[in-house]
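*Asks:* Below you'll find data-v7.cif; it's mmCIF, C-alpha atoms.
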```
data_start
loop_
_atom_site.label_atom_id
_atom_site.label_comp_id
_atom_site.auth_asym_id
_atom_site.auth_seq_id
_atom_site.Cartn_x
_atom_site.Cartn_y
_atom_site.Cartn_z
CA MET A 205 -7.07 199.76 341.68
CA GLN A 206 -10.19 200.60 343.68
CA LYS A 207 -12.47 197.79 344.72
CA THR A 208 -16.06 197.84 343.49
CA ILE A 209 -19.02 197.79 345.86
CA PHE A 210 -22.67 197.31 344.93
CA VAL A 211 -25.22 198.97 347.19
CA VAL A 212 -28.74 197.56 346.71
CA ASP A 213 -31.59 199.32 348.51
CA ASP A 214 -35.04 200.55 347.45
CA ASN A 215 -34.58 203.69 349.58
CA HIS A 216 -32.86 206.38 347.50
CA ALA A 217 -31.75 208.29 350.62
CA ASN A 218 -29.87 205.18 351.84
CA LEU A 219 -28.25 204.74 348.44
CA SER A 220 -27.15 208.35 348.38
CA MET A 221 -25.75 208.24 351.91
CA ALA A 222 -23.83 205.01 351.31
CA LYS A 223 -22.33 206.38 348.11
CA ASN A 224 -21.24 209.60 349.81
CA VAL A 225 -19.57 207.67 352.64
CA LEU A 226 -17.77 205.16 350.39
CA LYS A 227 -17.00 207.00 347.14
CA ASP A 228 -13.57 208.33 348.18
CA GLN A 229 -12.21 204.84 348.84
CA TYR A 230 -14.23 202.57 346.54
CA THR A 231 -15.99 202.46 343.19
CA VAL A 232 -19.61 202.51 344.34
CA MET A 233 -22.51 201.38 342.15
CA THR A 234 -26.01 201.85 343.51
CA MET A 235 -29.21 200.14 342.40
CA PRO A 236 -32.79 200.31 343.68
CA SER A 237 -33.71 196.64 343.37
CA ALA A 238 -32.31 193.11 343.33
CA ALA A 239 -33.49 192.77 339.73
CA LYS A 240 -31.25 195.68 338.71
CA MET A 241 -28.40 194.09 340.64
CA PHE A 242 -28.67 190.85 338.68
CA GLU A 243 -28.76 192.78 335.40
CA LEU A 244 -25.48 194.49 336.32
CA LEU A 245 -23.90 191.29 337.62
CA SER A 246 -23.99 189.90 334.08
CA LYS A 247 -21.45 192.61 333.19
CA ILE A 248 -19.57 193.45 336.39
CA ILE A 249 -18.58 191.27 339.35
CA PRO A 250 -18.15 193.44 342.48
CA ASP A 251 -15.78 192.84 345.37
CA LEU A 252 -18.61 193.18 347.91
CA ILE A 253 -22.40 193.69 347.95
CA LEU A 254 -24.37 195.69 350.51
CA LEU A 255 -27.86 194.19 350.20
CA ASP A 256 -31.02 195.52 351.82
CA ILE A 257 -33.33 192.89 353.30
CA GLU A 258 -36.68 194.63 353.00
CA MET A 259 -37.32 195.33 349.32
CA PRO A 260 -40.44 194.83 347.18
CA GLU A 261 -40.65 192.17 344.45
CA MET A 262 -37.44 190.41 345.52
CA ASN A 263 -36.29 190.80 349.11
CA GLY A 264 -32.74 190.36 350.38
CA PHE A 265 -33.17 186.71 351.37
CA GLU A 266 -34.52 185.76 347.95
CA ALA A 267 -31.69 187.64 346.24
CA LEU A 268 -29.14 185.97 348.51
CA ARG A 269 -30.48 182.51 347.65
CA ARG A 270 -30.15 183.31 343.94
CA LEU A 271 -26.62 184.61 344.41
CA LYS A 272 -25.55 181.47 346.24
CA THR A 273 -26.91 179.15 343.54
CA LYS A 274 -24.77 180.73 340.81
CA SER A 275 -21.15 179.59 340.93
CA ALA A 276 -20.00 182.86 339.35
CA TYR A 277 -21.40 184.80 342.32
CA THR A 278 -20.91 182.51 345.32
CA HIS A 279 -17.53 184.03 346.21
CA ILE A 280 -18.87 187.61 346.50
CA PRO A 281 -19.06 188.74 350.16
CA ILE A 282 -22.60 189.86 351.06
CA ILE A 283 -23.44 192.23 353.93
CA PHE A 284 -27.10 192.64 354.79
CA LEU A 285 -28.47 196.12 355.40
CA THR A 286 -31.38 196.15 357.84
CA GLY A 287 -33.40 198.33 360.12
CA MET A 288 -34.46 195.25 362.11
CA THR A 289 -32.74 193.92 365.23
CA ASP A 290 -34.36 190.48 365.29
CA THR A 291 -31.87 187.75 366.25
CA SER A 292 -33.75 185.15 364.18
CA ILE A 293 -33.19 187.29 361.07
CA GLU A 294 -29.45 187.33 361.76
CA VAL A 295 -29.37 183.56 362.30
CA ARG A 296 -31.23 183.01 359.03
CA GLY A 297 -28.90 185.36 357.13
CA PHE A 298 -25.72 183.76 358.44
CA ARG A 299 -27.06 180.31 357.58
CA LEU A 300 -27.64 181.46 354.01
CA GLY A 301 -24.14 182.87 353.71
CA VAL A 302 -24.04 186.59 354.60
CA ILE A 303 -20.81 187.70 356.26
CA ASP A 304 -22.25 190.52 358.39
CA PHE A 305 -25.18 192.83 359.15
CA ILE A 306 -25.09 196.63 359.18
CA THR A 307 -27.95 198.46 360.87
CA LYS A 308 -29.71 201.38 359.19
CA PRO A 309 -29.45 204.31 359.45
CA PHE A 310 -25.74 203.95 358.69
CA SER A 311 -22.97 205.19 360.93
CA ALA A 312 -20.26 206.30 358.50
CA PRO A 313 -17.29 205.03 360.61
CA VAL A 314 -19.02 201.67 361.21
CA LEU A 315 -19.84 201.25 357.53
CA LEU A 316 -16.27 202.07 356.44
CA ASN A 317 -14.59 199.89 359.07
CA ARG A 318 -16.83 196.87 358.52
CA ILE A 319 -16.26 196.99 354.76
CA LYS A 320 -12.51 197.51 355.13
CA THR A 321 -12.24 194.57 357.53
CA HIS A 322 -14.23 192.18 355.37
CA LEU A 323 -12.39 193.11 352.18
CA GLN A 324 -9.06 192.53 353.93
CA ILE A 325 -10.26 189.12 355.10
CA ASP A 326 -11.50 188.37 351.58
CA ASP A 327 -8.09 189.31 350.14
CA ILE A 328 -6.38 186.93 352.56
CA ILE A 329 -8.78 184.12 351.64
CA HIS A 330 -8.28 184.73 347.91
CA GLU A 331 -4.50 184.67 348.34
CA ARG A 332 -4.69 181.40 350.25
CA MET A 333 -6.99 179.94 347.59
CA LYS A 334 -4.59 181.11 344.89
CA GLN A 335 -1.71 179.31 346.60
CA ILE A 336 -3.80 176.16 347.01
CA LYS A 337 -4.76 176.30 343.34
CA LEU A 338 -1.12 176.69 342.31
CA LEU A 339 -0.18 173.73 344.49
CA LYS A 340 -3.02 171.65 343.03
CA ASN A 341 -1.93 172.53 339.49
CA ALA A 342 1.68 171.62 340.32
CA ILE A 343 0.55 168.22 341.59
CA VAL A 344 -1.60 167.68 338.50
CA PHE A 345 1.28 168.64 336.20
CA GLY A 346 3.57 166.23 338.02
CA PHE A 347 1.06 163.39 338.01
CA ALA A 348 0.20 163.90 334.35
CA ASP A 349 3.88 164.07 333.45
CA VAL A 350 4.52 160.72 335.15
CA VAL A 351 1.69 159.16 333.14
CA GLU A 352 2.91 160.69 329.88
CA LYS A 353 6.50 159.59 330.44
CA ARG A 354 5.28 156.01 330.69
CA ASP A 355 3.53 156.37 327.34
CA HIS A 356 6.60 157.06 325.19
CA GLU A 357 4.54 157.57 322.04
CA THR A 358 2.44 160.55 323.10
CA GLY A 359 4.90 163.17 324.33
CA GLY A 360 3.29 166.58 324.72
CA HIS A 361 -0.20 165.15 324.28
CA ILE A 362 -1.48 166.47 327.61
CA GLU A 363 -0.27 170.03 327.01
CA ARG A 364 -1.61 170.14 323.47
CA THR A 365 -5.03 168.73 324.33
CA SER A 366 -5.32 171.24 327.20
CA ASP A 367 -4.74 174.05 324.72
CA TYR A 368 -7.23 172.55 322.27
CA ILE A 369 -9.87 172.29 325.00
CA ALA A 370 -9.32 175.90 326.10
CA ILE A 371 -9.80 177.13 322.53
CA LEU A 372 -12.88 174.98 321.98
CA VAL A 373 -14.59 175.89 325.27
CA ASN A 374 -14.05 179.62 324.75
CA ALA A 375 -15.41 179.33 321.21
CA MET A 376 -18.47 177.51 322.53
CA LEU A 377 -19.07 180.25 325.09
CA ASN A 378 -18.72 182.95 322.44
CA ARG A 379 -21.29 181.19 320.27
CA GLY A 380 -23.70 180.31 323.07
CA VAL A 381 -23.19 176.56 322.61
CA TYR A 382 -24.18 174.53 325.70
CA ILE A 383 -24.12 177.85 327.50
CA GLU A 384 -26.19 176.64 330.47
CA GLU A 385 -23.62 173.97 331.29
CA LEU A 386 -20.61 176.24 330.82
CA THR A 387 -21.80 179.53 332.31
CA GLY A 388 -20.46 180.10 335.80
CA MET A 389 -17.97 177.26 335.51
CA ASP A 390 -14.41 177.92 336.67
CA LEU A 391 -12.75 177.42 333.30
CA ASP A 392 -9.23 177.18 334.75
CA THR A 393 -10.37 174.28 336.92
CA PHE A 394 -12.30 172.72 334.04
CA ILE A 395 -9.34 172.84 331.64
CA SER A 396 -6.73 171.84 334.21
CA SER A 397 -8.72 168.78 335.23
CA ALA A 398 -8.65 167.55 331.62
CA ARG A 399 -4.93 166.91 332.06
CA LEU A 400 -5.82 163.76 333.97
CA HIS A 401 -7.93 162.22 331.21
CA ASP A 402 -5.42 159.42 330.57
CA VAL A 403 -4.38 158.89 334.19
CA GLY A 404 -5.56 155.27 333.99
CA LYS A 405 -2.75 154.47 331.56
CA ILE A 406 -0.46 154.30 334.59
CA ALA A 407 -2.03 150.87 335.23
CA ILE A 408 -1.51 149.51 331.68
CA PRO A 409 1.48 147.14 331.18
CA ASP A 410 4.46 148.65 329.36
CA HIS A 411 4.48 146.02 326.62
CA ILE A 412 1.00 147.16 325.57
CA LEU A 413 1.29 150.88 326.34
CA ASN A 414 4.52 151.21 324.34
CA LYS A 415 3.97 148.65 321.61
CA PRO A 416 5.33 150.17 318.37
CA GLY A 417 2.64 148.65 316.16
CA LYS A 418 -1.09 148.12 316.05
CA LEU A 419 -2.58 146.36 319.07
CA THR A 420 -4.14 142.92 318.82
CA ASP A 421 -7.80 142.60 319.78
CA GLU A 422 -6.78 141.15 323.14
CA GLU A 423 -4.27 143.93 323.77
CA PHE A 424 -6.82 146.56 322.79
CA GLU A 425 -9.29 145.18 325.36
CA ILE A 426 -6.61 145.61 328.02
CA MET A 427 -5.83 149.12 326.77
CA LYS A 428 -9.51 150.05 327.04
CA THR A 429 -9.40 149.32 330.77
CA HIS A 430 -7.38 152.52 331.30
CA VAL A 431 -10.67 154.42 331.41
CA LYS A 432 -12.21 152.58 334.36
CA LYS A 433 -8.85 152.34 336.10
CA GLY A 434 -8.54 156.10 335.73
CA VAL A 435 -12.00 156.63 337.22
CA GLU A 436 -11.00 154.44 340.17
CA ILE A 437 -7.94 156.62 340.76
CA ILE A 438 -9.99 159.84 340.64
CA ASN A 439 -12.67 158.36 342.92
CA MET A 440 -10.02 157.35 345.41
CA MET A 441 -8.80 160.98 345.50
CA ALA A 442 -12.37 162.30 345.73
CA SER A 443 -13.12 160.07 348.74
CA ARG A 444 -10.62 162.13 350.74
CA VAL A 445 -12.10 165.55 350.00
CA GLU A 446 -15.58 167.09 350.00
CA ASP A 447 -17.39 168.24 346.88
CA ASP A 448 -14.31 169.14 344.81
CA ASP A 449 -15.14 170.62 341.38
CA PHE A 450 -11.69 169.78 340.03
CA LEU A 451 -12.07 166.07 340.72
CA LYS A 452 -15.70 166.03 339.52
CA ASN A 453 -14.58 167.44 336.17
CA ALA A 454 -11.57 165.12 336.06
CA ALA A 455 -13.81 162.08 336.63
CA SER A 456 -15.94 163.09 333.63
CA PHE A 457 -12.95 163.72 331.37
CA VAL A 458 -11.42 160.39 332.41
CA GLY A 459 -14.58 158.31 332.29
CA TYR A 460 -16.22 159.49 329.07
CA HIS A 461 -13.61 160.67 326.56
CA HIS A 462 -13.84 157.41 324.62
CA GLU A 463 -17.63 157.40 324.38
CA ARG A 464 -19.11 158.12 320.94
CA TRP A 465 -22.15 160.14 319.96
CA ASP A 466 -23.75 157.11 318.25
CA GLY A 467 -23.28 154.87 321.28
CA THR A 468 -20.47 152.71 319.88
CA GLY A 469 -17.78 153.99 322.26
CA TYR A 470 -16.50 152.56 325.53
CA PRO A 471 -16.63 151.73 328.38
CA TYR A 472 -20.33 152.48 328.94
CA GLY A 473 -21.75 152.71 325.42
CA LEU A 474 -23.50 156.01 326.13
CA SER A 475 -24.90 158.06 323.26
CA GLY A 476 -25.80 161.67 322.49
CA THR A 477 -26.12 164.00 325.43
CA GLU A 478 -26.06 161.04 327.82
CA ILE A 479 -22.32 161.55 327.48
CA PRO A 480 -21.22 164.33 329.87
CA LEU A 481 -20.04 167.50 328.16
CA GLN A 482 -16.46 166.92 329.33
CA GLY A 483 -16.31 163.66 327.42
CA ARG A 484 -17.77 165.17 324.25
CA ILE A 485 -15.27 168.03 324.30
CA MET A 486 -12.32 165.80 325.12
CA ALA A 487 -13.19 163.41 322.29
CA ILE A 488 -12.49 166.06 319.66
CA ALA A 489 -9.30 167.37 321.28
CA ASP A 490 -7.99 163.84 321.88
CA VAL A 491 -8.64 162.51 318.39
CA TYR A 492 -7.41 165.64 316.63
CA ASP A 493 -4.10 165.41 318.50
CA ALA A 494 -3.76 161.71 317.70
CA LEU A 495 -4.39 162.38 314.01
CA VAL A 496 -1.88 165.20 313.55
CA SER A 497 0.89 163.83 315.80
CA VAL A 498 3.89 161.69 314.94
CA ARG A 499 3.87 158.14 316.27
CA PRO A 500 6.53 155.41 315.88
CA TYR A 501 4.02 153.38 313.84
CA LYS A 502 2.80 156.23 311.61
CA ASN A 503 3.47 159.63 310.17
CA PRO A 504 0.97 162.36 311.08
CA PHE A 505 -2.04 163.27 309.02
CA SER A 506 -2.16 166.68 307.46
CA ASP A 507 -4.25 169.21 309.31
CA GLU A 508 -6.75 169.28 306.42
CA LYS A 509 -7.13 165.48 306.55
CA ALA A 510 -7.57 165.50 310.32
CA VAL A 511 -10.32 168.13 310.06
CA GLN A 512 -12.00 166.11 307.31
CA ILE A 513 -11.96 162.94 309.45
CA ILE A 514 -13.44 164.72 312.44
CA MET A 515 -16.19 166.32 310.38
CA GLU A 516 -16.98 162.96 308.78
CA GLY A 517 -17.35 161.65 312.32
CA SER A 518 -19.81 164.42 313.26
CA GLY A 519 -23.00 162.80 314.53
CA LYS A 520 -21.24 159.42 314.72
CA HIS A 521 -18.15 159.73 316.88
CA PHE A 522 -18.58 163.39 317.83
CA ASP A 523 -21.28 165.70 319.10
CA PRO A 524 -22.35 167.43 315.84
CA ILE A 525 -22.87 170.81 317.54
CA ILE A 526 -19.39 170.81 319.07
CA ALA A 527 -17.92 169.49 315.81
CA ASP A 528 -19.38 172.49 313.98
CA VAL A 529 -17.69 174.83 316.46
CA PHE A 530 -14.43 172.93 315.98
CA TYR A 531 -14.69 173.41 312.22
CA GLU A 532 -15.10 177.17 312.64
CA ILE A 533 -11.92 177.39 314.76
CA ARG A 534 -9.85 174.78 312.92
CA ASP A 535 -7.19 177.38 312.06
CA GLU A 536 -6.64 178.01 315.78
CA TYR A 537 -6.06 174.29 316.31
CA ARG A 538 -3.55 174.29 313.47
CA ALA A 539 -1.74 177.24 315.06
CA VAL A 540 -1.42 175.34 318.33
CA LYS A 541 -0.14 172.27 316.52
CA LEU A 542 2.50 174.34 314.72
CA SER A 543 3.54 176.09 317.92
CA TYR A 544 4.45 172.72 319.44
CA SER A 545 5.93 170.82 316.52
CA GLY A 546 6.25 172.93 313.39
CA ASP A 547 4.70 172.04 310.05
CA SER A 548 5.45 168.72 308.38
CA ASP A 549 4.67 166.70 305.28
CA VAL A 550 2.18 164.03 306.07
CA ILE A 551 0.91 160.83 304.56
CA ASN A 552 -2.50 159.20 305.00
CA MET A 553 -2.24 156.42 307.57
CA GLU A 554 -4.64 154.90 310.09
CA VAL A 555 -4.74 156.03 313.70
CA ASN A 556 -3.86 153.24 316.09
CA GLU A 557 -6.56 152.33 318.58
CA LYS A 558 -4.22 153.34 321.38
CA ASP A 559 -4.80 157.00 320.47
CA GLU A 560 -8.28 157.09 318.99
#
```
What would the structure in this file look like if it were written as structure tokens?
*Replies:*
Amino acid sequence: MQKTIFVVDDNHANLSMAKNVLKDQYTVMTMPSAAKMFELLSKIIPDLILLDIEMPEMNGFEALRRLKTKSAYTHIPIIFLTGMTDTSIEVRGFRLGVIDFITKPFSAPVLLNRIKTHLQIDDIIHERMKQIKLLKNAIVFGFADVVEKRDHETGGHIERTSDYIAILVNAMLNRGVYIEELTGMDLDTFISSARLHDVGKIAIPDHILNKPGKLTDEEFEIMKTHVKKGVEIINMMASRVEDDDFLKNAASFVGYHHERWDGTGYPYGLSGTEIPLQGRIMAIADVYDALVSVRPYKNPFSDEKAVQIIMEGSGKHFDPIIADVFYEIRDEYRAVKLSYSGDSDVINMEVNEKDE
């Protein structure tokens, strides 16, 4: 499959020449302004951008700054096109994140070789990043599995809630719900980090974690500490790396999934949109799974009853906007539930505080 290259230049002769040089090896898309580039970026993400510096309205440096502030675009290699040979311009460009400069008028062999070299380097980097991501996911799976094996009552909870979150987040994107917070986010990282939401349970004593009945008030207070203990674990990991999106998301899933929209949750008693989006999303996935799952102390609720309980909690326990999205996709949640456990007859019983 051919790689896609954007060429952005206000000089039509330069656009035409670049396209003629590159068209046999790449899919080339030309545009006369940075504004047109950003319009197209909303639909197509190229493998590389050739960006002119001197353009009216929005010059190359301004466009580069915008590109580097959007997480969806930061990985795109940018090569500046310039007729200038000022060293200070090169220094400024490299500081802002360009990977190279190509002087105009173009030399066809130079243009082809520079692009080929940088795309090969980019492929190597992406492959390394892919391997690192796979390794990170393997570690997360292993860590989450250890936590879940300690909690004998919630087998499969992590996998199911991950699926529920994926469905909910995609539905929110499709409906434009909290779009500013979700747009540009690496959804694989976002969803994978949710697997650690109960990591703090590793610090809860077995006699409480695996108690077959309802917890006493004292035991419930101890159980509630799994949130802050989990945050401590994530913060310890984060102290050893720089600016890691995975751990930032994980900290929010861990720290806020027991907060409630009306402020009656724990451990911080936050309310409304004070609660990070990760916590508000996790709250619905977590409670839904607790309601419809078998526990030693209860039979599961029916899917219809679980949906009713969540909608009754809209504006109290749950973000009402996200709850409305959940209601629209409730059949997809039911399909996930059935794919893991099959249908079952259910009776109406309370959810233990260990799961809610």
*Asks:* Apply the PyMOL selection byres ((chain A and resi 489) around 9) to the displayed file and report the matching residues as a PyMOL selection string.
*Replies:* chain A and resi 364-369+372+485-488+490-494
*Asks:* What residues come out when you apply the PyMOL selection byres ((chain A and resi 275-288) around 9) to this file, written as a compact mmCIF listing (two decimals) with C-alpha atoms, in the frame of the given file?
*Replies:*
```txt
# COMPACT_ATOMS: atom_id res chain seq x y z
CA VAL A 212 -28.74 197.56 346.71
CA ASP A 213 -31.59 199.32 348.51
CA LEU A 245 -23.90 191.29 337.62
CA ILE A 249 -18.58 191.27 339.35
CA PRO A 250 -18.15 193.44 342.48
CA ASP A 251 -15.78 192.84 345.37
CA LEU A 252 -18.61 193.18 347.91
CA ILE A 253 -22.40 193.69 347.95
CA LEU A 254 -24.37 195.69 350.51
CA LEU A 255 -27.86 194.19 350.20
CA ASP A 256 -31.02 195.52 351.82
CA ILE A 257 -33.33 192.89 353.30
CA GLU A 258 -36.68 194.63 353.00
CA GLY A 264 -32.74 190.36 350.38
CA LEU A 268 -29.14 185.97 348.51
CA LEU A 271 -26.62 184.61 344.41
CA LYS A 272 -25.55 181.47 346.24
CA THR A 273 -26.91 179.15 343.54
CA LYS A 274 -24.77 180.73 340.81
CA THR A 289 -32.74 193.92 365.23
CA ASP A 290 -34.36 190.48 365.29
CA THR A 291 -31.87 187.75 366.25
CA ILE A 293 -33.19 187.29 361.07
CA GLY A 297 -28.90 185.36 357.13
CA GLY A 301 -24.14 182.87 353.71
CA VAL A 302 -24.04 186.59 354.60
CA ILE A 303 -20.81 187.70 356.26
CA ASP A 304 -22.25 190.52 358.39
CA PHE A 305 -25.18 192.83 359.15
CA ILE A 306 -25.09 196.63 359.18
CA THR A 307 -27.95 198.46 360.87
CA LYS A 308 -29.71 201.38 359.19
CA PRO A 309 -29.45 204.31 359.45
CA PHE A 310 -25.74 203.95 358.69
CA ILE A 319 -16.26 196.99 354.76
CA HIS A 322 -14.23 192.18 355.37
CA LEU A 323 -12.39 193.11 352.18
CA ASP A 326 -11.50 188.37 351.58
CA THR A 387 -21.80 179.53 332.31
CA GLY A 388 -20.46 180.10 335.80
CA MET A 389 -17.97 177.26 335.51
CA ASP A 390 -14.41 177.92 336.67
```
*Asks:* List as a list of chain:residue names the protein and nucleic acid residues near A:Leu226, meaning an atom at most 12 Å away when all atoms listed in the file are counted, but skip any in the same chain fewer than 4 places from it.
*Replies:* A:Gln206, A:Lys207, A:Thr208, A:Ile209, A:Phe210, A:Val211, A:Leu219, A:Ser220, A:Met221, A:Ala222, A:Tyr230, A:Thr231, A:Val232, A:Met233, A:Thr234, A:Leu254, A:Phe310, A:Ser311, A:Ala312, A:Pro313, A:Val314, A:Leu315, A:Leu316, A:Asn317, A:Arg318, A:Ile319, A:Lys320
*Asks:* Rounded to one decimal, what separation in Å do you get between atom CA of A:Phe394 and atom CA of A:Ile362?
*Replies:*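 Atom CA of A:Ile362 lies at a distance of 14.1 Å from atom CA of A:Phe394.
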*Asks:* Give me, please, the distance in Å between atom CA of A:Met440 and atom CA of A:His401, quoted to one decimal.
*Replies:*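 Separation between atom CA of A:Met440 and atom CA of A:His401: 15.2 Å.
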*Asks:* Taking into account only C-alpha atoms, which residue in the set A:Val529, A:Ile383, A:Ala442, A:Met427 is nearest to A:Gly404?
*Replies:*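 Closest to A:Gly404, using only C-alpha atoms: A:Met427.
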*Asks:* Report, in Å with one decimal, the straight-line distance from atom CA of A:Glu446 to atom CA of A:Gly434.
*Replies:* 19.3 Å
*Asks:* Can you pull out every residue within 12 Å of A:Gly469, counting all atoms listed in the file, but drop anything in the same chain fewer than 3 positions away, and send it as a ChimeraX atom specification?
*Replies:* /A:428,431,459-466,472-476,479,483-484,487,520-522,557,560
*Asks:* So that I can look at just that part, could you write stretch 378-386 of chain A with all heavy atoms, as an mmCIF file, in the first residue's frame?
*Replies:*
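As a result, part20.cif now contains:
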```
data_model
loop_
_atom_site.group_PDB
_atom_site.id
_atom_site.type_symbol
_atom_site.label_atom_id
_atom_site.label_comp_id
_atom_site.auth_asym_id
_atom_site.auth_seq_id
_atom_site.Cartn_x
_atom_site.Cartn_y
_atom_site.Cartn_z
ATOM 1 N N ASN A 378 -19.221 8.820 18.526
ATOM 2 C CA ASN A 378 -20.170 8.861 17.407
ATOM 3 C C ASN A 378 -21.270 9.887 17.622
ATOM 4 O O ASN A 378 -21.842 10.418 16.660
ATOM 5 C CB ASN A 378 -20.785 7.485 17.188
ATOM 6 C CG ASN A 378 -19.784 6.481 16.641
ATOM 7 O OD1 ASN A 378 -18.784 6.855 16.043
ATOM 8 N ND2 ASN A 378 -20.034 5.196 16.867
ATOM 9 N N ARG A 379 -21.579 10.165 18.895
ATOM 10 C CA ARG A 379 -22.658 11.099 19.208
ATOM 11 C C ARG A 379 -22.136 12.487 19.594
ATOM 12 O O ARG A 379 -22.910 13.360 19.949
ATOM 13 C CB ARG A 379 -23.519 10.526 20.344
ATOM 14 C CG ARG A 379 -24.323 9.296 19.921
ATOM 15 C CD ARG A 379 -24.781 8.477 21.118
ATOM 16 N NE ARG A 379 -25.662 7.398 20.723
ATOM 17 C CZ ARG A 379 -25.239 6.254 20.190
ATOM 18 N NH1 ARG A 379 -23.941 6.051 19.972
ATOM 19 N NH2 ARG A 379 -26.110 5.302 19.859
ATOM 20 N N GLY A 380 -20.830 12.664 19.549
ATOM 21 C CA GLY A 380 -20.254 13.959 19.897
ATOM 22 C C GLY A 380 -20.329 14.295 21.370
ATOM 23 O O GLY A 380 -20.325 15.468 21.745
ATOM 24 N N VAL A 381 -20.376 13.279 22.235
ATOM 25 C CA VAL A 381 -20.476 13.487 23.683
ATOM 26 C C VAL A 381 -19.072 13.611 24.276
ATOM 27 O O VAL A 381 -18.234 12.739 24.091
ATOM 28 C CB VAL A 381 -21.234 12.319 24.342
ATOM 29 C CG1 VAL A 381 -21.165 12.423 25.865
ATOM 30 C CG2 VAL A 381 -22.685 12.311 23.883
ATOM 31 N N TYR A 382 -18.822 14.717 24.970
ATOM 32 C CA TYR A 382 -17.503 15.028 25.540
ATOM 33 C C TYR A 382 -16.416 14.882 24.479
ATOM 34 O O TYR A 382 -15.325 14.359 24.739
ATOM 35 C CB TYR A 382 -17.221 14.149 26.759
ATOM 36 C CG TYR A 382 -18.164 14.431 27.919
ATOM 37 C CD1 TYR A 382 -18.984 13.439 28.429
ATOM 38 C CD2 TYR A 382 -18.241 15.702 28.481
ATOM 39 C CE1 TYR A 382 -19.874 13.704 29.468
ATOM 40 C CE2 TYR A 382 -19.120 15.976 29.524
ATOM 41 C CZ TYR A 382 -19.924 14.981 30.008
ATOM 42 O OH TYR A 382 -20.789 15.258 31.044
ATOM 43 N N ILE A 383 -16.720 15.362 23.296
ATOM 44 C CA ILE A 383 -15.852 15.161 22.143
ATOM 45 C C ILE A 383 -14.502 15.848 22.318
ATOM 46 O O ILE A 383 -13.468 15.335 21.868
ATOM 47 C CB ILE A 383 -16.559 15.657 20.851
ATOM 48 C CG1 ILE A 383 -15.860 15.109 19.606
ATOM 49 C CG2 ILE A 383 -16.674 17.156 20.827
ATOM 50 C CD1 ILE A 383 -16.083 13.660 19.357
ATOM 51 N N GLU A 384 -14.482 17.003 23.003
ATOM 52 C CA GLU A 384 -13.218 17.723 23.172
ATOM 53 C C GLU A 384 -12.241 16.929 24.017
ATOM 54 O O GLU A 384 -11.027 16.981 23.790
ATOM 55 C CB GLU A 384 -13.466 19.092 23.789
ATOM 56 C CG GLU A 384 -14.177 20.069 22.851
ATOM 57 C CD GLU A 384 -14.296 21.454 23.457
ATOM 58 O OE1 GLU A 384 -13.798 21.658 24.587
ATOM 59 O OE2 GLU A 384 -14.899 22.324 22.809
ATOM 60 N N GLU A 385 -12.749 16.197 24.995
ATOM 61 C CA GLU A 385 -11.876 15.401 25.859
ATOM 62 C C GLU A 385 -11.423 14.109 25.189
ATOM 63 O O GLU A 385 -10.342 13.602 25.480
ATOM 64 C CB GLU A 385 -12.584 15.082 27.173
ATOM 65 C CG GLU A 385 -12.853 16.304 28.031
ATOM 66 C CD GLU A 385 -13.614 15.966 29.292
ATOM 67 O OE1 GLU A 385 -13.037 15.327 30.181
ATOM 68 O OE2 GLU A 385 -14.801 16.341 29.390
ATOM 69 N N LEU A 386 -12.245 13.576 24.288
ATOM 70 C CA LEU A 386 -11.941 12.285 23.683
ATOM 71 C C LEU A 386 -11.204 12.390 22.353
ATOM 72 O O LEU A 386 -10.440 11.490 21.996
ATOM 73 C CB LEU A 386 -13.237 11.489 23.466
ATOM 74 C CG LEU A 386 -13.952 11.007 24.727
ATOM 75 C CD1 LEU A 386 -15.307 10.415 24.371
ATOM 76 C CD2 LEU A 386 -13.098 9.968 25.457
#
```
